[in-house]
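Below: upload.cif (mmCIF, C-alpha atoms)
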data_entry
#
loop_
_atom_site.label_atom_id
_atom_site.label_comp_id
_atom_site.auth_asym_id
_atom_site.auth_seq_id
_atom_site.Cartn_x
_atom_site.Cartn_y
_atom_site.Cartn_z
CA MET A 1486 -4.81 -6.75 1.62
CA ALA A 1487 -2.91 -3.45 1.36
CA LYS A 1488 -4.76 -0.23 0.59
CA LEU A 1489 -3.31 3.21 -0.08
CA ASN A 1490 -5.70 6.09 0.55
CA VAL A 1491 -4.86 9.54 -0.85
CA ASN A 1492 -7.17 12.54 -0.44
CA ILE A 1493 -5.19 15.78 -0.59
CA GLN A 1494 -5.50 19.43 -1.53
CA LYS A 1495 -2.71 21.91 -2.20
CA LYS A 1496 -2.77 25.45 -3.57
CA LEU A 1497 -0.28 25.79 -6.41
CA LYS A 1498 0.71 28.81 -8.46
CA GLU A 1499 -1.33 27.90 -11.55
CA PHE A 1500 -4.22 25.95 -9.98
CA ASP A 1501 -5.46 24.14 -6.88
CA LEU A 1502 -4.51 20.46 -6.69
CA ASN A 1503 -7.40 18.28 -5.53
CA VAL A 1504 -6.75 14.53 -5.72
CA ASP A 1505 -8.74 11.70 -4.17
CA PHE A 1506 -8.12 7.99 -4.87
CA GLU A 1507 -7.64 4.54 -3.34
CA LEU A 1508 -5.21 1.90 -4.58
CA LYS A 1509 -5.86 -1.68 -3.48
CA LYS A 1510 -3.74 -3.74 -5.86
CA GLY A 1511 -1.13 -3.63 -8.60
CA CYS A 1512 0.07 -0.48 -10.31
CA LEU A 1513 -1.82 2.79 -10.62
CA GLY A 1514 -0.98 5.15 -13.47
CA ILE A 1515 -1.26 8.92 -13.20
CA LEU A 1516 -1.35 10.33 -16.72
CA GLY A 1517 -1.46 13.97 -17.73
CA PRO A 1518 0.36 16.80 -19.50
CA SER A 1519 3.41 18.51 -18.00
CA GLY A 1520 2.57 20.73 -15.05
CA CYS A 1521 -0.81 19.16 -14.24
CA GLY A 1522 0.09 18.06 -10.67
CA LYS A 1523 1.29 14.49 -11.28
CA SER A 1524 4.68 14.75 -9.59
CA ILE A 1525 3.34 16.88 -6.71
CA THR A 1526 0.83 14.09 -6.01
CA LEU A 1527 3.61 11.50 -5.97
CA LYS A 1528 5.84 13.64 -3.74
CA SER A 1529 2.94 14.18 -1.33
CA VAL A 1530 2.65 10.40 -0.90
CA ALA A 1531 6.41 10.13 -0.35
CA GLY A 1532 6.53 13.00 2.16
CA ILE A 1533 8.79 15.18 0.00
CA VAL A 1534 6.00 17.76 -0.39
CA ASP A 1535 3.41 18.65 2.26
CA PRO A 1536 -0.22 19.07 1.14
CA ASP A 1537 -2.21 21.97 2.61
CA MET A 1538 -5.05 19.68 3.67
CA GLY A 1539 -6.09 16.06 3.54
CA ILE A 1540 -4.92 12.59 4.43
CA VAL A 1541 -2.48 9.98 3.11
CA SER A 1542 -2.58 6.55 4.74
CA LEU A 1543 -1.60 2.96 4.11
CA THR A 1544 -3.54 0.02 5.51
CA THR A 1545 -1.88 -3.40 5.67
CA ASP A 1546 -2.43 -5.36 8.89
CA ASN A 1547 -2.81 -1.98 10.59
CA GLU A 1548 -3.35 1.54 9.31
CA THR A 1549 -0.29 3.78 9.07
CA VAL A 1550 -1.18 7.44 8.67
CA TYR A 1551 1.51 9.20 6.63
CA PHE A 1552 -0.20 12.60 6.67
CA ASP A 1553 -3.33 13.99 8.29
CA SER A 1554 -3.81 17.76 8.37
CA GLU A 1555 -6.56 17.64 11.01
CA ARG A 1556 -4.64 15.39 13.40
CA LYS A 1557 -1.33 17.18 12.71
CA ILE A 1558 0.36 13.96 11.57
CA ASN A 1559 3.18 14.22 9.02
CA LEU A 1560 5.63 11.31 8.96
CA LYS A 1561 9.09 12.01 7.59
CA PRO A 1562 9.94 10.28 4.27
CA GLN A 1563 12.27 7.82 6.07
CA LYS A 1564 9.38 6.64 8.26
CA ARG A 1565 6.94 5.93 5.40
CA ASN A 1566 8.56 2.78 3.96
CA VAL A 1567 7.97 4.13 0.45
CA GLY A 1568 10.44 3.61 -2.41
CA TYR A 1569 10.78 6.60 -4.74
CA LEU A 1570 12.43 6.16 -8.16
CA PHE A 1571 13.43 9.63 -9.34
CA GLN A 1572 13.80 10.56 -13.02
CA ASN A 1573 17.60 10.76 -12.66
CA TYR A 1574 17.69 7.81 -10.18
CA ALA A 1575 19.36 9.99 -7.46
CA LEU A 1576 22.26 7.60 -6.91
CA PHE A 1577 25.02 8.76 -4.57
CA PRO A 1578 27.88 9.65 -6.94
CA ASN A 1579 30.66 8.93 -4.43
CA MET A 1580 29.27 5.51 -3.46
CA THR A 1581 29.87 2.24 -5.28
CA VAL A 1582 27.06 0.09 -6.60
CA GLU A 1583 26.97 -2.11 -3.50
CA GLU A 1584 27.14 0.94 -1.21
CA ASN A 1585 24.21 2.53 -3.07
CA VAL A 1586 22.17 -0.66 -2.78
CA ALA A 1587 22.88 -0.78 0.98
CA ALA A 1588 22.14 2.93 1.52
CA GLY A 1589 18.58 2.40 2.76
CA LEU A 1590 19.41 -0.43 5.14
CA SER A 1591 20.14 -0.19 8.83
CA LYS A 1592 23.17 -1.72 10.55
CA ASP A 1593 20.95 -4.46 11.93
CA ASP A 1594 19.76 -5.64 8.49
CA ASP A 1595 21.09 -8.90 7.10
CA LYS A 1596 24.18 -8.23 4.94
CA LYS A 1597 22.97 -10.98 2.62
CA ILE A 1598 20.24 -8.62 1.38
CA VAL A 1599 22.76 -6.61 -0.69
CA SER A 1600 24.31 -9.66 -2.35
CA ASP A 1601 20.83 -11.03 -3.09
CA MET A 1602 19.85 -7.74 -4.75
CA ILE A 1603 23.10 -7.64 -6.73
CA LYS A 1604 22.25 -11.08 -8.17
CA ARG A 1605 18.55 -10.35 -8.69
CA PHE A 1606 19.27 -7.21 -10.71
CA HIS A 1607 22.17 -8.73 -12.69
CA LEU A 1608 24.76 -6.35 -11.22
CA ASP A 1609 27.40 -9.04 -10.63
CA GLY A 1610 30.87 -7.67 -11.42
CA LEU A 1611 29.72 -4.06 -11.06
CA GLU A 1612 29.76 -3.93 -7.25
CA LYS A 1613 32.82 -1.63 -7.00
CA ARG A 1614 31.86 0.72 -9.83
CA TYR A 1615 30.54 4.24 -9.32
CA PRO A 1616 27.36 5.60 -10.97
CA ARG A 1617 29.37 7.59 -13.55
CA GLN A 1618 30.87 4.29 -14.76
CA LEU A 1619 27.44 2.73 -15.43
CA SER A 1620 25.08 2.85 -18.39
CA GLY A 1621 21.60 4.32 -17.98
CA GLY A 1622 20.11 0.85 -17.75
CA GLN A 1623 22.61 -0.23 -15.10
CA GLN A 1624 21.91 2.92 -13.09
CA GLN A 1625 18.17 2.18 -13.14
CA ARG A 1626 18.81 -1.37 -11.93
CA VAL A 1627 20.93 -0.07 -9.05
CA ALA A 1628 18.21 2.43 -8.09
CA LEU A 1629 15.54 -0.28 -8.14
CA ALA A 1630 17.77 -2.67 -6.17
CA ARG A 1631 18.28 0.04 -3.52
CA ILE A 1632 14.52 0.58 -3.27
CA LEU A 1633 13.57 -3.10 -3.06
CA ALA A 1634 16.38 -3.93 -0.61
CA TYR A 1635 14.41 -2.48 2.29
CA SER A 1636 11.08 -4.11 1.23
CA PRO A 1637 8.93 -0.99 0.72
CA ASP A 1638 5.15 -1.16 0.95
CA VAL A 1639 4.77 1.22 -2.00
CA ILE A 1640 6.99 2.00 -5.02
CA LEU A 1641 6.62 5.44 -6.63
CA LEU A 1642 7.93 5.88 -10.19
CA ASP A 1643 8.32 9.46 -11.43
CA GLU A 1644 8.66 9.55 -15.25
CA PRO A 1645 11.27 6.74 -15.11
CA PHE A 1646 11.92 6.68 -18.88
CA SER A 1647 11.68 10.37 -19.78
CA ALA A 1648 15.38 11.01 -20.41
CA MET A 1649 16.16 7.81 -22.33
CA ASP A 1650 16.62 7.06 -26.00
CA THR A 1651 14.07 4.77 -27.66
CA PHE A 1652 16.22 1.62 -27.69
CA LEU A 1653 17.14 1.82 -23.99
CA LYS A 1654 13.57 2.76 -23.09
CA GLU A 1655 12.16 -0.41 -24.67
CA GLN A 1656 14.70 -2.61 -22.85
CA LEU A 1657 14.00 -1.04 -19.47
CA ARG A 1658 10.22 -1.09 -19.89
CA ILE A 1659 10.37 -4.89 -20.16
CA GLN A 1660 12.72 -5.10 -17.16
CA LEU A 1661 10.57 -2.82 -15.00
CA SER A 1662 7.39 -4.65 -16.00
CA ASN A 1663 8.88 -7.94 -14.77
CA ILE A 1664 9.97 -6.34 -11.49
CA LEU A 1665 6.53 -4.86 -10.81
CA ASN A 1666 4.84 -8.18 -11.62
CA GLU A 1667 6.97 -9.83 -8.92
CA PHE A 1668 6.43 -7.02 -6.39
CA ASP A 1669 3.91 -7.84 -3.66
CA GLY A 1670 3.19 -4.23 -2.70
CA LEU A 1671 1.52 -1.29 -4.42
CA SER A 1672 3.05 0.96 -7.05
CA ILE A 1673 2.23 4.28 -8.73
CA LEU A 1674 3.64 5.35 -12.09
CA VAL A 1675 3.55 9.03 -13.06
CA THR A 1676 3.96 9.71 -16.78
CA HIS A 1677 2.78 11.75 -19.75
CA ASP A 1678 3.27 8.70 -22.02
CA ARG A 1679 0.07 6.78 -22.82
CA ASP A 1680 2.02 3.68 -23.95
CA GLU A 1681 3.63 3.39 -20.52
CA VAL A 1682 0.38 3.51 -18.56
CA PHE A 1683 -1.23 1.03 -20.95
CA GLN A 1684 1.67 -1.40 -20.50
CA PHE A 1685 2.19 -1.11 -16.73
CA CYS A 1686 -0.98 0.04 -15.03
CA ASP A 1687 -4.07 -1.89 -13.94
CA GLU A 1688 -5.83 1.29 -12.83
CA LEU A 1689 -5.55 4.78 -14.26
CA ILE A 1690 -6.12 8.36 -13.16
CA ILE A 1691 -5.98 11.22 -15.65
CA LEU A 1692 -5.11 14.63 -14.24
CA ASP A 1693 -5.72 18.00 -15.85
CA LYS A 1694 -4.85 21.26 -14.05
CA GLY A 1695 -4.84 19.59 -10.66
CA ARG A 1696 -8.15 17.73 -10.89
CA ILE A 1697 -9.02 14.15 -11.78
CA ILE A 1698 -10.97 14.05 -15.07
CA ALA A 1699 -11.01 10.25 -15.41
CA LYS A 1700 -10.52 7.36 -13.00
CA GLY A 1701 -10.93 3.61 -13.52
CA GLU A 1702 -9.58 0.46 -15.14
CA THR A 1703 -6.93 1.37 -17.72
CA HIS A 1704 -8.32 -0.55 -20.70
CA ASN A 1705 -11.83 0.79 -20.05
CA ILE A 1706 -10.64 4.41 -20.08
CA PHE A 1707 -8.78 3.89 -23.37
CA GLU A 1708 -11.81 2.20 -24.95
CA ASN A 1709 -14.34 4.73 -23.65
CA PRO A 1710 -12.62 7.99 -22.64
CA LYS A 1711 -15.97 9.85 -22.35
CA LYS A 1712 -14.39 13.34 -22.33
CA VAL A 1713 -12.52 15.30 -24.98
CA GLN A 1714 -9.34 15.88 -22.95
CA VAL A 1715 -9.23 12.24 -21.84
CA ALA A 1716 -9.51 11.14 -25.48
CA ARG A 1717 -6.64 13.44 -26.44
CA LEU A 1718 -4.40 12.23 -23.61
CA THR A 1719 -5.04 8.58 -24.51
CA GLY A 1720 -3.92 9.27 -28.09
CA CYS A 1721 -7.06 9.94 -30.10
CA LYS A 1722 -5.89 11.87 -33.19
CA ASN A 1723 -9.31 12.75 -34.63
CA ILE A 1724 -11.71 14.81 -32.50
CA SER A 1725 -14.49 17.01 -33.88
CA LYS A 1726 -17.37 19.11 -32.62
CA ILE A 1727 -20.71 17.75 -33.78
CA GLU A 1728 -24.27 18.61 -34.63
CA ILE A 1729 -26.70 15.90 -33.44
CA ILE A 1730 -29.04 14.89 -36.27
CA ASP A 1731 -31.01 12.17 -34.48
CA ASP A 1732 -30.46 9.43 -31.85
CA TYR A 1733 -27.86 7.60 -33.96
CA HIS A 1734 -26.54 10.16 -36.46
CA VAL A 1735 -24.20 13.15 -36.11
CA LYS A 1736 -22.60 15.63 -38.44
CA SER A 1737 -18.94 16.38 -37.83
CA LEU A 1738 -18.55 20.17 -37.92
CA ASP A 1739 -14.76 19.97 -38.41
CA TRP A 1740 -14.71 17.28 -41.13
CA GLY A 1741 -18.04 17.91 -42.85
CA VAL A 1742 -18.99 14.20 -42.73
CA THR A 1743 -22.20 12.64 -41.40
CA PHE A 1744 -21.72 9.45 -39.38
CA GLU A 1745 -23.94 6.75 -37.93
CA VAL A 1746 -22.94 5.70 -34.42
CA SER A 1747 -23.69 2.52 -32.46
CA GLN A 1748 -24.80 4.09 -29.16
CA LYS A 1749 -27.81 6.31 -28.58
CA ILE A 1750 -26.60 9.91 -28.41
CA SER A 1751 -27.43 11.80 -25.22
CA PRO A 1752 -27.89 15.61 -25.31
CA ASN A 1753 -24.63 16.23 -23.40
CA ILE A 1754 -22.50 14.75 -26.22
CA THR A 1755 -20.62 17.60 -27.90
CA HIS A 1756 -17.83 15.85 -29.84
CA ILE A 1757 -16.88 12.58 -31.48
CA GLY A 1758 -13.49 10.91 -31.61
CA ILE A 1759 -12.07 8.37 -34.08
CA ARG A 1760 -8.71 6.71 -33.49
CA ALA A 1761 -6.40 7.00 -36.47
CA HIS A 1762 -6.08 3.22 -37.01
CA ASP A 1763 -9.86 2.63 -37.12
CA PHE A 1764 -10.49 3.51 -40.78
CA SER A 1765 -10.58 0.94 -43.58
CA PRO A 1766 -10.92 1.02 -47.39
CA ALA A 1767 -14.52 1.35 -48.60
CA ASP A 1768 -16.86 1.65 -51.57
CA GLU A 1769 -18.75 4.86 -52.17
CA ASN A 1770 -22.08 3.53 -50.83
CA ASP A 1771 -20.75 1.82 -47.72
CA LEU A 1772 -21.99 2.96 -44.33
CA ASN A 1773 -19.92 5.86 -42.95
CA SER A 1774 -17.82 6.16 -46.11
CA PHE A 1775 -16.27 9.40 -47.35
CA ASP A 1776 -14.09 10.62 -50.20
CA THR A 1777 -10.29 10.77 -49.78
CA SER A 1778 -9.49 13.14 -52.67
CA ASN A 1779 -6.43 15.40 -52.32
CA SER A 1780 -5.01 13.40 -49.42
CA THR A 1781 -1.29 13.36 -48.65
CA LYS A 1782 0.78 10.51 -47.21
CA ILE A 1783 3.95 10.27 -45.16
CA GLU A 1784 5.95 7.04 -45.08
CA LYS A 1785 7.25 5.90 -41.70
CA PRO A 1786 9.18 2.69 -41.01
CA PHE A 1787 6.14 0.65 -39.94
CA GLU A 1788 3.11 2.71 -40.96
CA TRP A 1789 1.72 5.14 -43.47
CA GLU A 1790 0.36 8.39 -42.06
CA ILE A 1791 -2.33 9.85 -44.32
CA SER A 1792 -3.59 13.38 -43.91
CA LEU A 1793 -7.02 13.71 -45.53
CA ALA A 1794 -8.20 16.95 -47.12
CA ASN A 1795 -11.17 17.11 -44.72
CA GLY A 1796 -8.82 17.19 -41.71
CA LEU A 1797 -8.95 13.52 -40.65
CA TRP A 1798 -5.82 11.46 -39.96
CA TRP A 1799 -5.49 7.79 -40.95
CA LYS A 1800 -2.65 5.52 -39.87
CA ARG A 1801 -2.14 2.33 -41.87
CA ASP A 1802 0.32 -0.40 -40.85
CA LYS A 1803 3.03 -1.31 -43.36
CA GLN A 1804 5.99 -3.63 -43.79
CA ILE A 1805 9.49 -2.14 -43.58
CA HIS A 1806 10.18 -3.03 -47.24
CA GLN A 1807 6.81 -1.79 -48.57
CA HIS A 1808 7.49 1.61 -50.16
CA GLU A 1809 4.43 1.94 -52.39
CA PHE A 1810 0.90 2.50 -51.21
CA GLU A 1811 -2.11 3.82 -53.07
CA ILE A 1812 -4.67 5.66 -50.99
CA PRO A 1813 -8.12 4.13 -51.59
CA LYS A 1814 -10.74 6.43 -53.13
CA TYR A 1815 -13.04 5.99 -50.12
CA LEU A 1816 -12.58 5.19 -46.43
CA LYS A 1817 -15.11 4.13 -43.80
CA VAL A 1818 -15.34 3.72 -40.06
CA ASN A 1819 -17.40 1.15 -38.16
CA PRO A 1820 -20.13 2.87 -36.07
CA LYS A 1821 -18.85 1.08 -32.93
CA ASN A 1822 -15.44 2.73 -33.40
CA ILE A 1823 -16.84 6.26 -33.17
CA ILE A 1824 -16.32 7.54 -29.62
CA LEU A 1825 -18.99 9.81 -28.15
CA LEU A 1826 -17.47 12.58 -26.05
CA GLU A 1827 -18.53 15.29 -23.65
CA ASP A 1828 -16.73 18.60 -23.40
CA ASN A 1829 -14.43 18.78 -20.36
#

Written as structure tokens, how would this file's structure read?
Amino acid sequence: MAKLNVNIQKKLKEFDLNVDFELKKGCLGILGPSGCGKSITLKSVAGIVDPDMGIVSLTTDNETVYFDSERKINLKPQKRNVGYLFQNYALFPNMTVEENVAAGLSKDDDKKIVSDMIKRFHLDGLEKRYPRQLSGGQQQRVALARILAYSPDVILLDEPFSAMDTFLKEQLRIQLSNILNEFDGLSILVTHDRDEVFQFCDELIILDKGRIIAKGETHNIFENPKKVQVARLTGCKNISKIEIIDDYHVKSLDWGVTFEVSQKISPNITHIGIRAHDFSPADENDLNSFDTSNSTKIEKPFEWEISLANGLWWKRDKQIHQHEFEIPKYLKVNPKNIILLEDN
């Protein structure tokens, strides 16, 4: 079983990058805001950037050390058998599609590999075209075909959908998901988009200013982010400082509402989070209910977005043809849907 080991440190202008993780299967997501060290981490694995200290190695049948500062090992990118999908795909503009696909192969490789990749990625009929003559989706398929043609051990994906419109992005997400499901090796996806990591990644790392603030199984981190910044990065709209009343009750200092929670509150809990879809209509005396007076609503194609006077946000699903919606007088939240959070 393959295992990628990354334990690196690098001094950057704004902060010190310090990243330590192992990947043993599937796809790992690295999520974080712009400038947090995501791409530097990816480029350190690929050999495009040199860490100051640490080790990067891949174990399959044998261990291949890509980088080791103590042993003075630093393999060139061409020697690492790593496929890197850049944001702009980095296709050679003066090469045709088939020439781009063949670019990573040696003269001794079977020529049938290129034709197989052309068929696999539905590029038939485009072999003689140049990148400028291709759509964004076709360019991504060529870039992926070029990577997979030389059977890499690891695929690195650097914000692969960042420059695309919504329609193309949805198409290519499905395509890439299918490719990664068929891929026998390891892959790492760097993104600032929580939907992408949730869709693609079995494991997740969240970076903030060069340090890992969460690491684990993707669904577990979304369900129990544990820290304020992790909750924000996984899309939690409602986060408030709290005053602890007793083991199971808190007062929200930002919203002025007292809530019962389902877990015993430890002294290190400083905030609570409530995801915007987790409210429901209520009666005045229901558990965890509160008044919605003076709320405002915004209609979107498939949801209502309600801004409550106390500062909470509620998102309610809607049908495309449903243009009327009356905000209930009271809302409530189930105690199990209140997330207990520590400050970062």

Open item on the list: With the PyMOL selection byres ((chain A and resi 1507) around 7) as the selection, what would be picked from this file? Answer as a list of chain:residue names, please.
Closed with: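 On the file shown, the PyMOL selection byres ((chain A and resi 1507) around 7) covers A:Lys1488, A:Leu1489, A:Asn1490, A:Val1491, A:Phe1506, A:Leu1508, A:Lys1509.
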
Task: Reference answer for the PyMOL selection byres ((chain A and resi 1588-1593) around 10), as a list of chain:residue names - done: A:Gln1563, A:Gly1568, A:Leu1576, A:Phe1577, A:Met1580, A:Val1582, A:Glu1583, A:Glu1584, A:Asn1585, A:Val1586, A:Ala1587, A:Asp1594, A:Asp1595, A:Lys1596, A:Ile1598, A:Val1599, A:Arg1631, A:Ile1632, A:Leu1633, A:Ala1634, A:Tyr1635, A:Ser1636

- [ ] Report the distance between atom CA of Gly1520 of chain A and atom CA of Ile1533 of chain A in Å, rounded to one decimal place.
- [x] 17.2 Å

Task: Near-Gln1572 of chain A list (7 Å; all atoms listed in the file; drop same-chain fewer than 5 positions) as a list in words - done: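 Once the adjacent positions are removed, what remains is Asp1643, Glu1644 and Pro1645 of chain A.
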
Open item on the list: Could you tell me, as a list in words, exactly which residues end up selected when the PyMOL selection byres ((chain A and resi 1537) around 7) is applied to this structure?
Closed with: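 Against this file, the PyMOL selection byres ((chain A and resi 1537) around 7) returns the residues Gln1494, Lys1495, Asp1535, Pro1536 and Met1538 of chain A.
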
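You will find atom CA of Pro1616 of chain A at 7.1 Å from atom CA of Thr1581 of chain A.
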
Open item on the list: Quick one: residues within 7 Å of Asp1687 of chain A, all atoms listed in the file, excluding same-chain residues fewer than 3 positions away - as a list in words?
Closed with: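 The residues satisfying every condition are Gly1511, Cys1512, Leu1513, Glu1702 and Thr1703 of chain A.
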
For the residues selected in the previous step, produce a file with C-alpha atoms as an mmCIF file, in the frame of the given file.
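Result file follows (out-v5.cif):
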data_model
loop_
_atom_site.group_PDB
_atom_site.id
_atom_site.type_symbol
_atom_site.label_atom_id
_atom_site.label_comp_id
_atom_site.auth_asym_id
_atom_site.auth_seq_id
_atom_site.Cartn_x
_atom_site.Cartn_y
_atom_site.Cartn_z
ATOM 1 C CA GLY A 1511 -1.130 -3.630 -8.600
ATOM 2 C CA CYS A 1512 0.070 -0.480 -10.310
ATOM 3 C CA LEU A 1513 -1.820 2.790 -10.620
ATOM 4 C CA GLU A 1702 -9.580 0.460 -15.140
ATOM 5 C CA THR A 1703 -6.930 1.370 -17.720
#

Mind running segment 1514-1580 of chain A against segment 1669-1686 of chain A at 10 Å and telling me each contacting residue's nearest atom pair with the distance in Å (one decimal), counting only C-alpha atoms, chain and number ascending, as CSV?
residue,atom,partner,partner_atom,distance
A:Gly1514,CA,A:Leu1674,CA,4.8
A:Ile1515,CA,A:Val1675,CA,4.8
A:Leu1516,CA,A:His1677,CA,5.3
A:Gly1517,CA,A:His1677,CA,5.2
A:Pro1518,CA,A:His1677,CA,5.6
A:Ser1519,CA,A:His1677,CA,7.0
A:Cys1521,CA,A:His1677,CA,9.9
A:Gly1522,CA,A:Val1675,CA,10.0
A:Lys1523,CA,A:Val1675,CA,6.2
A:Ser1524,CA,A:Val1675,CA,6.8
A:Thr1526,CA,A:Val1675,CA,9.1
A:Leu1527,CA,A:Val1675,CA,7.5
A:Val1530,CA,A:Ile1673,CA,9.9
A:Thr1545,CA,A:Gly1670,CA,9.8
A:Val1567,CA,A:Ser1672,CA,9.5
A:Gly1568,CA,A:Ser1672,CA,9.1
A:Tyr1569,CA,A:Ile1673,CA,9.7
A:Leu1570,CA,A:Leu1674,CA,9.7

Just to be explicit: take each residue in the selection above, keep C-alpha atoms, and write the result as a tab-separated table (two decimals), in the frame of the given file.
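Resulting contents of result04.tsv:
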chain	number	residue	atom	x	y	z
A	1514	GLY	CA	-0.98	5.15	-13.47
A	1515	ILE	CA	-1.26	8.92	-13.20
A	1516	LEU	CA	-1.35	10.33	-16.72
A	1517	GLY	CA	-1.46	13.97	-17.73
A	1518	PRO	CA	0.36	16.80	-19.50
A	1519	SER	CA	3.41	18.51	-18.00
A	1521	CYS	CA	-0.81	19.16	-14.24
A	1522	GLY	CA	0.09	18.06	-10.67
A	1523	LYS	CA	1.29	14.49	-11.28
A	1524	SER	CA	4.68	14.75	-9.59
A	1526	THR	CA	0.83	14.09	-6.01
A	1527	LEU	CA	3.61	11.50	-5.97
A	1530	VAL	CA	2.65	10.40	-0.90
A	1545	THR	CA	-1.88	-3.40	5.67
A	1567	VAL	CA	7.97	4.13	0.45
A	1568	GLY	CA	10.44	3.61	-2.41
A	1569	TYR	CA	10.78	6.60	-4.74
A	1570	LEU	CA	12.43	6.16	-8.16

Open item on the list: Need to verify the contact set: segment 1803-1810 of chain A, 9 Å, only C-alpha atoms, exclusion of same-chain residues closer than 4 positions in sequence. Can you return it as a VMD selection string?
Closed with: chain A and resid 1782 1784 to 1789

Residues of the last selection are to be written out with C-alpha atoms, as a PDB file, in the coordinates of the input.
ATOM      1  CA  LYS A1782       0.780  10.510 -47.210  1.00  0.00           C
ATOM      2  CA  GLU A1784       5.950   7.040 -45.080  1.00  0.00           C
ATOM      3  CA  LYS A1785       7.250   5.900 -41.700  1.00  0.00           C
ATOM      4  CA  PRO A1786       9.180   2.690 -41.010  1.00  0.00           C
ATOM      5  CA  PHE A1787       6.140   0.650 -39.940  1.00  0.00           C
ATOM      6  CA  GLU A1788       3.110   2.710 -40.960  1.00  0.00           C
ATOM      7  CA  TRP A1789       1.720   5.140 -43.470  1.00  0.00           C
TER       8      TRP A1789
END

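Distances from A:Ser1792, A:Ser1600, A:Ser1765, A:Asn1492 to Ser1554 of chain A were compared using all atoms listed in the file, and the smallest one belongs to A:Asn1492.
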
Task: Straight-line distance linking atom CA of Phe1500 of chain A with atom CA of Leu1692 of chain A, stated in Å to one decimal - done: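 About the pair atom CA of Phe1500 of chain A and atom CA of Leu1692 of chain A: they are 12.1 Å apart.
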
- [ ] Would you mind listing what lies within 8 Å of Gln1714 of chain A as a PyMOL selection string, with all atoms listed in the file counted and same-chain residues fewer than 2 positions away left out?
- [x] chain A and resi 1712+1716-1718+1828-1829

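Nearest to Glu1790 of chain A of all the residues A:Phe1707, A:Phe1552, A:Phe1764, A:Phe1775 is A:Phe1764, based on all atoms listed in the file.
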
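The nearest approach to Pro1710 of chain A among the residues A:Met1602, A:Ile1823, A:Ile1525, A:Val1550, with only C-alpha atoms taken into account, belongs to A:Ile1823.
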
- [ ] Please provide the set of residues having any atom within 12 Å of Asp1731 of chain A, restricted to only C-alpha atoms, with same-chain residues fewer than 3 positions apart removed, written as a PyMOL selection string.
- [x] chain A and resi 1727-1728+1734-1736+1743-1746+1748-1752
